[in-house]
Structures are given as structure tokens and as C-alpha cells.
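> Below is the file work-v5.tsv, which contains TSV, C-alpha atoms.
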```
chain	number	residue	atom	x	y	z
A	1	MET	CA	-36.02	-2.60	-22.71
A	2	SER	CA	-37.71	-2.25	-26.16
A	3	ALA	CA	-35.83	-1.96	-29.46
A	4	LYS	CA	-37.09	1.60	-29.99
A	5	SER	CA	-35.87	2.81	-26.63
A	6	THR	CA	-32.50	1.17	-27.23
A	7	THR	CA	-32.19	2.90	-30.61
A	8	ARG	CA	-33.05	6.23	-29.02
A	9	GLN	CA	-30.33	5.81	-26.38
A	10	ILE	CA	-27.72	4.95	-29.03
A	11	LYS	CA	-28.61	8.06	-31.03
A	12	ARG	CA	-28.50	10.21	-27.92
A	13	PHE	CA	-25.05	8.87	-27.05
A	14	ALA	CA	-23.81	9.47	-30.60
A	15	LYS	CA	-24.99	13.06	-30.46
A	16	LYS	CA	-23.15	13.60	-27.17
A	17	ALA	CA	-19.99	12.03	-28.60
A	18	LYS	CA	-20.10	14.28	-31.68
A	19	ALA	CA	-20.85	17.43	-29.70
A	20	PRO	CA	-17.23	18.38	-28.90
A	21	PHE	CA	-16.17	18.05	-32.55
A	22	PRO	CA	-16.69	21.01	-34.91
A	23	THR	CA	-17.27	18.81	-37.96
A	24	LYS	CA	-18.47	15.37	-38.78
A	25	GLU	CA	-15.17	14.65	-40.58
A	26	ALA	CA	-13.20	15.23	-37.36
A	27	PHE	CA	-15.40	12.82	-35.48
A	28	VAL	CA	-14.98	10.17	-38.18
A	29	PHE	CA	-11.20	10.69	-38.25
A	30	LEU	CA	-10.88	10.27	-34.50
A	31	SER	CA	-13.07	7.17	-34.57
A	32	PHE	CA	-10.82	5.58	-37.19
A	33	LEU	CA	-7.72	6.60	-35.20
A	34	VAL	CA	-9.00	4.91	-32.05
A	35	PHE	CA	-10.02	1.84	-34.03
A	36	SER	CA	-6.66	1.55	-35.83
A	37	THR	CA	-4.79	1.98	-32.51
A	38	LEU	CA	-6.84	-0.81	-31.03
A	39	LEU	CA	-6.01	-3.04	-33.99
A	40	TRP	CA	-2.31	-2.19	-33.63
A	41	PHE	CA	-2.37	-3.23	-29.95
A	42	LEU	CA	-4.16	-6.44	-30.78
A	43	TYR	CA	-1.52	-7.19	-33.44
A	44	LYS	CA	1.34	-6.50	-31.08
A	45	ALA	CA	-0.29	-8.59	-28.37
A	46	SER	CA	-0.25	-11.60	-30.65
A	47	HIS	CA	3.52	-11.43	-31.31
A	48	LEU	CA	6.68	-11.55	-29.21
A	49	GLN	CA	7.99	-8.10	-28.31
A	50	GLU	CA	11.39	-7.00	-27.10
A	51	LEU	CA	11.10	-5.29	-23.73
A	52	LYS	CA	13.63	-3.50	-21.52
A	53	VAL	CA	13.38	-2.99	-17.76
A	54	ALA	CA	15.71	-1.89	-14.96
A	55	VAL	CA	16.14	-4.39	-12.12
A	56	PRO	CA	17.36	-2.95	-8.76
A	57	ILE	CA	20.37	-4.54	-7.03
A	58	GLN	CA	20.60	-5.21	-3.30
A	59	TYR	CA	24.17	-5.80	-2.09
A	60	VAL	CA	24.74	-7.97	0.99
A	61	GLY	CA	27.85	-9.30	2.70
A	62	ILE	CA	29.99	-6.14	2.59
A	63	PRO	CA	32.14	-6.23	5.77
A	64	ASN	CA	32.62	-3.16	7.97
A	65	ASN	CA	36.38	-3.12	7.45
A	66	VAL	CA	36.04	-2.46	3.71
A	67	ASP	CA	35.55	0.86	1.93
A	68	ILE	CA	34.12	0.78	-1.58
A	69	VAL	CA	36.05	3.07	-3.92
A	70	SER	CA	33.97	2.76	-7.08
A	71	LYS	CA	30.30	3.69	-7.22
A	72	LEU	CA	28.24	0.54	-6.97
A	73	PRO	CA	25.76	0.04	-9.83
A	74	ARG	CA	22.25	0.22	-8.41
A	75	THR	CA	20.39	-1.38	-11.33
A	76	LEU	CA	20.92	-3.79	-14.19
A	77	THR	CA	19.28	-3.21	-17.57
A	78	VAL	CA	17.55	-6.36	-18.75
A	79	LYS	CA	16.37	-6.89	-22.33
A	80	PHE	CA	14.14	-9.86	-23.06
A	81	LYS	CA	11.31	-11.03	-25.24
A	82	ASP	CA	7.79	-11.61	-24.08
A	83	LYS	CA	4.27	-11.71	-25.42
A	84	GLY	CA	2.76	-8.37	-26.22
A	85	THR	CA	0.13	-8.88	-23.56
A	86	ALA	CA	2.91	-8.70	-20.96
A	87	LEU	CA	3.73	-5.19	-22.12
A	88	PHE	CA	0.84	-3.80	-20.10
A	89	THR	CA	2.12	-5.55	-16.95
A	90	TYR	CA	5.53	-3.85	-17.16
A	91	ILE	CA	3.96	-0.49	-18.05
A	92	LEU	CA	1.60	-0.61	-15.06
A	93	LYS	CA	4.29	-1.96	-12.70
A	94	PRO	CA	7.70	-0.79	-13.96
A	95	ASP	CA	9.54	-1.22	-10.61
A	96	LEU	CA	10.62	-4.81	-10.23
A	97	PRO	CA	11.69	-6.20	-6.83
A	98	PRO	CA	15.48	-6.13	-6.29
A	99	PHE	CA	17.68	-9.18	-6.55
A	100	LYS	CA	20.54	-9.88	-4.15
A	101	VAL	CA	24.24	-9.79	-4.94
A	102	ASP	CA	26.00	-11.63	-2.10
A	103	LEU	CA	29.60	-10.46	-1.61
A	104	THR	CA	30.31	-12.53	1.50
A	105	GLY	CA	33.89	-13.80	1.59
A	106	LEU	CA	34.96	-12.07	-1.62
A	107	PHE	CA	37.00	-9.27	0.01
A	108	THR	CA	40.66	-10.10	0.65
A	109	GLY	CA	43.09	-7.27	1.37
A	110	SER	CA	42.57	-4.45	-1.16
A	111	GLY	CA	41.80	-4.65	-4.86
A	112	ARG	CA	38.77	-5.21	-7.08
A	113	ILE	CA	36.04	-7.76	-7.61
A	114	SER	CA	34.56	-8.53	-11.04
A	115	LEU	CA	31.30	-10.48	-11.18
A	116	PRO	CA	29.78	-11.59	-14.51
A	117	THR	CA	26.13	-10.59	-14.50
A	118	ASP	CA	24.94	-13.61	-16.49
A	119	LYS	CA	25.32	-15.66	-13.29
A	120	TYR	CA	22.27	-13.79	-11.98
A	121	GLU	CA	19.97	-14.74	-14.87
A	122	GLY	CA	18.19	-17.28	-12.71
A	123	GLN	CA	17.40	-14.69	-10.02
A	124	ILE	CA	16.24	-12.14	-12.58
A	125	PHE	CA	14.01	-14.62	-14.42
A	126	THR	CA	12.04	-15.10	-11.20
A	127	LYS	CA	11.22	-11.36	-11.26
A	128	LEU	CA	9.76	-11.57	-14.80
A	129	LYS	CA	6.64	-13.24	-16.10
A	130	PRO	CA	6.98	-16.95	-16.91
A	131	THR	CA	6.57	-16.22	-20.65
A	132	ALA	CA	9.80	-14.14	-20.82
A	133	SER	CA	12.69	-15.53	-22.89
A	134	GLN	CA	16.03	-14.63	-24.55
A	135	ILE	CA	17.29	-12.51	-21.69
A	136	HIS	CA	20.25	-10.15	-22.12
A	137	ILE	CA	21.81	-8.20	-19.22
A	138	THR	CA	23.89	-5.03	-19.33
A	139	PRO	CA	26.48	-4.31	-18.14
A	140	ASP	CA	28.04	-7.74	-18.61
A	141	SER	CA	29.90	-7.54	-15.28
A	142	LEU	CA	29.85	-5.75	-11.91
A	143	VAL	CA	33.25	-4.27	-11.05
A	144	ILE	CA	33.79	-3.31	-7.39
A	145	ALA	CA	37.02	-1.55	-6.36
A	146	TYR	CA	37.77	-1.48	-2.62
A	147	TYR	CA	40.44	-1.21	0.04
A	148	SER	CA	40.71	-2.53	3.59
A	149	LEU	CA	40.35	-0.24	6.61
A	150	TYR	CA	42.17	-0.11	9.95
A	151	LYS	CA	40.39	-1.13	13.16
A	152	LYS	CA	40.20	0.56	16.55
A	153	ILE	CA	38.14	0.03	19.72
A	154	VAL	CA	36.72	3.26	21.19
A	155	PRO	CA	34.25	4.01	24.03
A	156	VAL	CA	30.60	4.73	23.24
A	157	LEU	CA	29.31	7.76	25.18
A	158	PHE	CA	25.82	9.08	25.83
A	159	TYR	CA	25.07	12.47	24.26
A	160	GLY	CA	22.05	14.45	25.43
A	161	SER	CA	19.94	14.62	28.58
A	162	ILE	CA	17.26	12.65	30.41
A	163	ARG	CA	15.20	14.84	32.73
A	164	PRO	CA	12.87	13.10	35.21
A	165	ALA	CA	9.43	14.55	35.94
A	166	GLN	CA	8.70	16.27	39.24
A	167	GLN	CA	9.01	13.94	42.26
A	168	PHE	CA	11.01	11.48	40.14
A	169	ILE	CA	14.72	10.90	40.23
A	170	LEU	CA	17.39	9.41	37.98
A	171	THR	CA	19.22	6.68	39.87
A	172	HIS	CA	22.59	5.07	39.05
A	173	GLY	CA	23.22	7.42	36.13
A	174	ILE	CA	22.91	6.61	32.43
A	175	THR	CA	24.55	3.52	30.96
A	176	VAL	CA	25.23	2.61	27.33
A	177	TYR	CA	25.53	-0.99	26.13
A	178	PRO	CA	27.88	-1.88	24.63
A	179	ASN	CA	30.05	0.80	26.18
A	180	GLN	CA	32.76	0.33	23.54
A	181	MET	CA	32.72	-0.56	19.87
A	182	GLU	CA	34.95	-1.55	16.98
A	183	VAL	CA	35.26	1.21	14.37
A	184	TYR	CA	37.00	1.18	11.00
A	185	GLY	CA	38.65	3.89	8.94
A	186	ASN	CA	41.94	5.12	7.57
A	187	LYS	CA	44.83	5.37	10.02
A	188	GLN	CA	44.84	9.19	10.19
A	189	ASP	CA	41.14	9.42	11.10
A	190	LEU	CA	41.39	6.66	13.70
A	191	ASP	CA	44.42	8.26	15.39
A	192	THR	CA	42.36	11.38	16.18
A	193	LEU	CA	39.16	9.54	17.14
A	194	GLN	CA	38.81	9.18	20.92
A	195	ALA	CA	35.14	8.20	21.27
A	196	ILE	CA	31.84	7.98	19.42
A	197	TYR	CA	28.51	9.29	20.67
A	198	THR	CA	24.87	8.42	20.49
A	199	GLU	CA	22.58	10.55	18.40
A	200	PRO	CA	21.35	13.62	20.38
A	201	ILE	CA	18.83	12.33	22.93
A	202	ARG	CA	16.56	14.83	24.69
A	203	LEU	CA	13.98	13.27	27.00
A	204	LYS	CA	11.84	15.39	29.35
A	205	GLU	CA	9.24	14.68	32.02
A	206	VAL	CA	10.37	11.05	32.23
A	207	LYS	CA	8.36	8.96	34.71
A	208	ASP	CA	9.64	5.49	33.95
A	209	SER	CA	12.99	3.85	33.34
A	210	VAL	CA	14.45	4.23	29.87
A	211	ASP	CA	15.59	1.03	28.16
A	212	SER	CA	15.68	1.73	24.43
A	213	GLU	CA	17.91	1.48	21.39
A	214	PHE	CA	19.31	4.61	19.78
A	215	TYR	CA	21.47	5.21	16.72
A	216	VAL	CA	25.16	6.04	17.02
A	217	LYS	CA	26.59	8.94	15.05
A	218	ALA	CA	29.56	7.95	12.91
A	219	PRO	CA	32.08	10.65	12.00
A	220	ARG	CA	32.63	11.09	8.30
A	221	GLY	CA	34.76	8.31	6.83
A	222	ILE	CA	34.29	6.05	9.87
A	223	HIS	CA	32.50	2.69	9.64
A	224	LEU	CA	30.84	1.24	12.73
A	225	SER	CA	30.57	-2.42	13.71
A	226	GLN	CA	26.91	-1.74	14.64
A	227	SER	CA	24.57	1.18	14.05
A	228	ARG	CA	22.64	1.21	17.35
A	229	VAL	CA	23.28	0.80	21.07
A	230	LYS	CA	21.02	0.32	24.08
A	231	VAL	CA	20.65	3.20	26.54
A	232	HIS	CA	19.48	2.44	30.09
A	233	ALA	CA	18.46	4.97	32.73
A	234	ALA	CA	16.63	3.99	35.94
A	235	VAL	CA	13.93	6.54	36.80
A	236	GLU	CA	11.66	6.20	39.82
A	237	LEU	CA	9.81	8.12	42.51
A	238	PHE	CA	12.05	9.42	45.28
A	239	THR	CA	11.56	10.04	48.95
A	240	GLU	CA	13.50	11.65	51.77
A	241	LYS	CA	15.33	9.68	54.43
A	242	THR	CA	17.15	11.07	57.47
A	243	ILE	CA	20.05	9.09	58.90
A	244	GLU	CA	22.01	10.01	62.05
A	245	VAL	CA	25.68	9.09	61.85
A	246	PRO	CA	28.69	9.67	64.13
A	247	VAL	CA	31.37	12.18	63.14
A	248	THR	CA	34.75	10.55	62.48
A	249	SER	CA	38.12	11.91	61.40
A	250	ILE	CA	40.68	11.17	58.69
A	251	ASN	CA	44.36	12.07	58.27
A	252	LEU	CA	44.61	12.59	62.04
A	253	PRO	CA	48.14	12.12	63.49
A	254	THR	CA	48.34	9.30	65.99
A	255	GLN	CA	49.28	11.59	68.86
A	256	TYR	CA	46.03	13.56	68.61
A	257	LEU	CA	42.46	12.94	69.73
A	258	LEU	CA	39.64	14.85	67.99
A	259	ARG	CA	36.39	15.58	69.77
A	260	THR	CA	33.41	17.19	67.97
A	261	PHE	CA	30.33	18.93	69.31
A	262	PRO	CA	27.87	17.50	68.48
A	263	ALA	CA	29.31	14.02	68.14
A	264	THR	CA	26.71	13.03	65.54
A	265	VAL	CA	25.10	14.77	62.55
A	266	LYS	CA	21.97	14.14	60.52
A	267	VAL	CA	22.30	13.36	56.82
A	268	VAL	CA	19.07	14.08	54.93
A	269	CYS	CA	19.09	11.97	51.77
A	270	LEU	CA	17.07	11.77	48.60
A	271	VAL	CA	16.75	8.13	47.63
A	272	GLY	CA	14.68	6.11	45.19
A	273	ILE	CA	11.75	4.33	46.81
A	274	SER	CA	13.05	0.89	45.83
A	275	HIS	CA	16.37	1.60	47.63
A	276	PHE	CA	14.91	3.18	50.78
A	277	LYS	CA	15.58	0.19	53.07
A	278	ALA	CA	18.97	-0.59	51.54
A	279	LEU	CA	20.40	2.82	52.51
A	280	THR	CA	21.60	2.26	56.11
A	281	PRO	CA	23.84	4.30	58.48
A	282	GLU	CA	26.69	1.84	57.86
A	283	LYS	CA	26.89	3.04	54.26
A	284	ILE	CA	27.37	6.74	55.18
A	285	GLN	CA	30.31	8.49	56.83
A	286	ALA	CA	30.43	12.02	58.24
A	287	ILE	CA	34.09	13.03	58.09
A	288	VAL	CA	36.29	15.80	59.50
A	289	ASP	CA	39.59	16.00	57.61
A	290	TYR	CA	42.51	17.00	59.81
A	291	LYS	CA	44.26	18.58	56.79
A	292	ASN	CA	41.45	21.14	56.55
A	293	LEU	CA	41.68	22.23	60.19
A	294	THR	CA	43.51	25.35	61.32
A	295	ARG	CA	46.53	24.95	63.59
A	296	LEU	CA	44.33	26.00	66.47
A	297	SER	CA	43.29	23.36	68.94
A	298	THR	CA	39.65	24.48	68.79
A	299	GLY	CA	37.32	25.95	66.20
A	300	LYS	CA	34.82	25.03	63.51
A	301	ALA	CA	35.24	22.02	61.22
A	302	LYS	CA	33.33	21.39	57.99
A	303	ILE	CA	31.58	18.05	57.66
A	304	GLU	CA	32.23	16.00	54.53
A	305	VAL	CA	29.93	13.10	53.65
A	306	PHE	CA	31.10	9.91	51.94
A	307	SER	CA	28.92	7.00	50.96
A	308	SER	CA	29.69	3.48	49.78
A	309	SER	CA	26.17	3.21	48.35
A	310	SER	CA	25.19	4.16	44.81
A	311	ASP	CA	21.60	4.47	46.05
A	312	LEU	CA	22.32	7.86	47.61
A	313	ILE	CA	21.37	10.46	45.00
A	314	ARG	CA	21.55	13.82	46.76
A	315	TYR	CA	21.97	14.87	50.39
A	316	HIS	CA	22.54	17.69	52.80
A	317	VAL	CA	24.03	17.45	56.28
A	318	SER	CA	22.82	19.15	59.45
A	319	PRO	CA	24.73	20.79	60.94
A	320	ALA	CA	27.11	21.50	58.06
A	321	SER	CA	29.97	22.21	60.48
A	322	VAL	CA	30.74	21.26	64.07
A	323	ASP	CA	32.86	22.61	66.89
A	324	PHE	CA	36.00	20.62	67.52
A	325	LEU	CA	38.58	20.17	70.21
A	326	LEU	CA	42.02	18.78	69.42
A	327	GLU	CA	43.75	17.06	72.33
A	328	ILE	CA	47.09	15.36	72.77
A	329	LYS	CA	46.79	11.78	73.87
A	330	LYS	CA	48.20	11.01	77.27
```
How does this structure look as C-alpha cells?


Amino acid sequence: MSAKSTTRQIKRFAKKAKAPFPTKEAFVFLSFLVFSTLLWFLYKASHLQELKVAVPIQYVGIPNNVDIVSKLPRTLTVKFKDKGTALFTYILKPDLPPFKVDLTGLFTGSGRISLPTDKYEGQIFTKLKPTASQIHITPDSLVIAYYSLYKKIVPVLFYGSIRPAQQFILTHGITVYPNQMEVYGNKQDLDTLQAIYTEPIRLKEVKDSVDSEFYVKAPRGIHLSQSRVKVHAAVELFTEKTIEVPVTSINLPTQYLLRTFPATVKVVCLVGISHFKALTPEKIQAIVDYKNLTRLSTGKAKIEVFSSSSDLIRYHVSPASVDFLLEIKK
């Protein structure tokens, strides 16, 4: 690029820079203002400056059986000296990473804890630039007032619904693990607390088993020993299975003999595919209860079905009632 063309570009730029200003004096004034500001920054950058930042606090080690009475300070104000060049770093990134205050083992009974903040200088220095010096922390101590809570063990119950998709079935119900939990609170609240529940869970069109963690809802003023529990629900395809079983009786006096017509009934079951073979006639009973019969020696008796298997989900019996004949043993 030639000297003439360079000169022309400089003049063109100067004209554009002066265009927004109504007078030449205003342009000159602003130019001197920018220049003097730059000199001021350069001067400050060459000297130590006093800076002030807020450092967040992260508390750890607070046990569940403790309730904090006082409001915990969330930040410490830290004054220190550093080179002026560091000023830009703290302006561009004012949020420093938190430092930890470990309270493990400090709670005994009820009372208050007072921690001098100068013991955390080492942690705070690691958050600042290496050129920082002459640190001063306010407040000079962290005061934590607390009292101990009572403990109670209560059951954890599922709250909500899990609805399988079409042709799928929920087997063995819904289980929560752990099914009971330690909770902490004042004596009055714990006396009225009978159980705690999972957060509302609404699952629809489920085609596979559920095995997930969910949060537990804590009543106001109650502390939990853990915030989440595992919910398990076995969901699988189902099929139909028909099993023929003999009709038997219960609560029948020893002097009587009960005959039914027919002597066997069919129990049509809905069962998960994985449990199809395990559901056998030995696990199902078709019962006539003598207590439900009329005093007549003949008539109709309703069939009741009992099963020792948890694999049986739903069923219907055919026929639902049978004719009976009550005889006296000879």
C-alpha cells in the first residue's frame, strides 16, 4: 500500500469519526477524555489496588437430626490488595467458586457453633489470583444456632399410578425400596406423622418394567434421612391360561358330605408370559364355603377362587356357581 493511499484512508476515517459531533471542539474534548481515561487505567494498573469480592460458602456435614435456627451466611466479603491489572479479571468474572465449610462432628445436643473466618484464608487464597495479598474477611466469624430433632421410623408409600399399555400387565404390584425411612422433626410433628410418600408419579402406556429413583416428599418441618427411593414395578406382556380344578369345600361339619355338579370348574387366568408355566392347578383352589349355603340340602353354591401364587393377576371362573347336594355321612 502506498503512502498516499494510506494518508487518504486516515483522513477518511477521521472524517467519519468527526461526523457525529456537531463541532470540532466536541470531538477534541472527547478524544482527550478517552486518552486521559486510558492513562488513568495504565496508572492504576501499575500500582496495588484494594479490591472487594464476595466468596460463596458451601456448607457440608450438617446431620439430618439438626435444625438450623439462624440464617446461614451464604457469602463472605473478602478485601485484599492486588495489581491493577487483576481488576479486569474480577470485573469480567465476579462470581468466584465457593469454598467449603465442613461442620462434620461439630453438632452436640443443642446450642451454637462459632467459627472464626480467618481459618479459611488458605481456601479463599486459592480462589484469588496468585498476586493477591493482605486479605481481610468479614464477618470475622460464622455463628450457627441449632437444636437437635427427634427421630422416628415411618413407612415409605408409593403415590401415583403406573398404567401398562394395551396387552401388557402389571405383575406383583409396585414396591418401594427402602420401604421405611428415618425422619427427624419436633416431637409434635412426628407424633402425627404416619407415613411419607413419593412425589406424584403418573406413568402411562408403560411397556417395560419400571426400576427408577424418585424423590420423596417431606412434610414441612420434617427432615429425611435420604431424599430419593427406588420404585420397582414389573410390567410384561400377558396371556390367557385356562386351568381346570376340582371343587372343594371349607367350614363343612364333619357329619356332612358335599357333592357339586359339575365336580370341576374352569378358571380362566390372565398371567404374565414369564410366569405362564409356573401357574399350575396345584396353586389354585375352587372353594364352596359351607357358611354361605342355605339350610337346604340342595341348591346353588357360589364358587370362590383362592390362589397361593402371586403370578395370578386376574381371573374369572366358569361356571360361577354350581349345583350342590348336602348329604349326611353314613

> Just checking: using only C-alpha atoms, which residue out of A:Phe168, A:Tyr159, A:Tyr177, A:Phe306 ends up closest to Arg202 in chain A?

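Comparing A:Phe168, A:Tyr159, A:Tyr177, A:Phe306 against Arg202 in chain A, the winner is A:Tyr159.
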
> With distances taken over only C-alpha atoms, which residue among A:Ile303, A:Ile243, A:Thr298, A:His223 lies nearest Thr280 in chain A?

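Smallest separation from Thr280 in chain A among the options: A:Ile243.
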
> For Lys151 in chain A, which residue among A:Gly185, A:Gly173, A:Pro219, A:Pro56 is the nearest when counting only C-alpha atoms?

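Closest residue, counting only C-alpha atoms: A:Gly185.
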
> Rounded to one decimal, what separation in Å do you get between CA of Ala54 in chain A and CA of Thr126 in chain A?

14.2 Å

> Using only C-alpha atoms for the distances, tell me which of A:Lys329, A:Lys152, A:Lys241, A:Arg163 is nearest to Gln180 in chain A.

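Residue with the minimum atom-to-atom distance to Gln180 in chain A: A:Lys152.
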
> Do a neighbour search on Ser148 in chain A at 12 Å with all atoms listed in the file, toss out local chain neighbours closer than 4 positions, and write the hits as a PyMOL selection string.

chain A and resi 62-69+107-112+184-187+223

> Given only C-alpha atoms as the basis, pick out the residue of A:Ile137, A:Leu326, A:Val245, A:Ile222 nearest to Leu190 in chain A.

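Nearest candidate to Leu190 in chain A out of A:Ile137, A:Leu326, A:Val245, A:Ile222: A:Ile222.
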
> For Val78 in chain A, which residue out of A:Ile135, A:Val210, A:Ile273, A:Leu193 is the nearest one, using only C-alpha atoms?

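The shortest atom-to-atom distance to Val78 in chain A comes from A:Ile135.
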
> Tell me, in Å to one decimal, how far CA of Tyr146 in chain A is from CA of Pro98 in chain A.

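So the two atoms, CA of Tyr146 in chain A and CA of Pro98 in chain A, lie 23.1 Å apart.
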
> Just the residues within 9 Å of range 70-72 of chain A, please, counting only C-alpha atoms, with nothing from its chain fewer than 3 positions along; format it as a PyMOL selection string.

chain A and resi 59+142-146

> Please indicate the distance in Å from CA of Lys81 in chain A to CA of Pro139 in chain A, rounded to one decimal place.

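Separating CA of Lys81 in chain A from CA of Pro139 in chain A is a distance of 18.0 Å.
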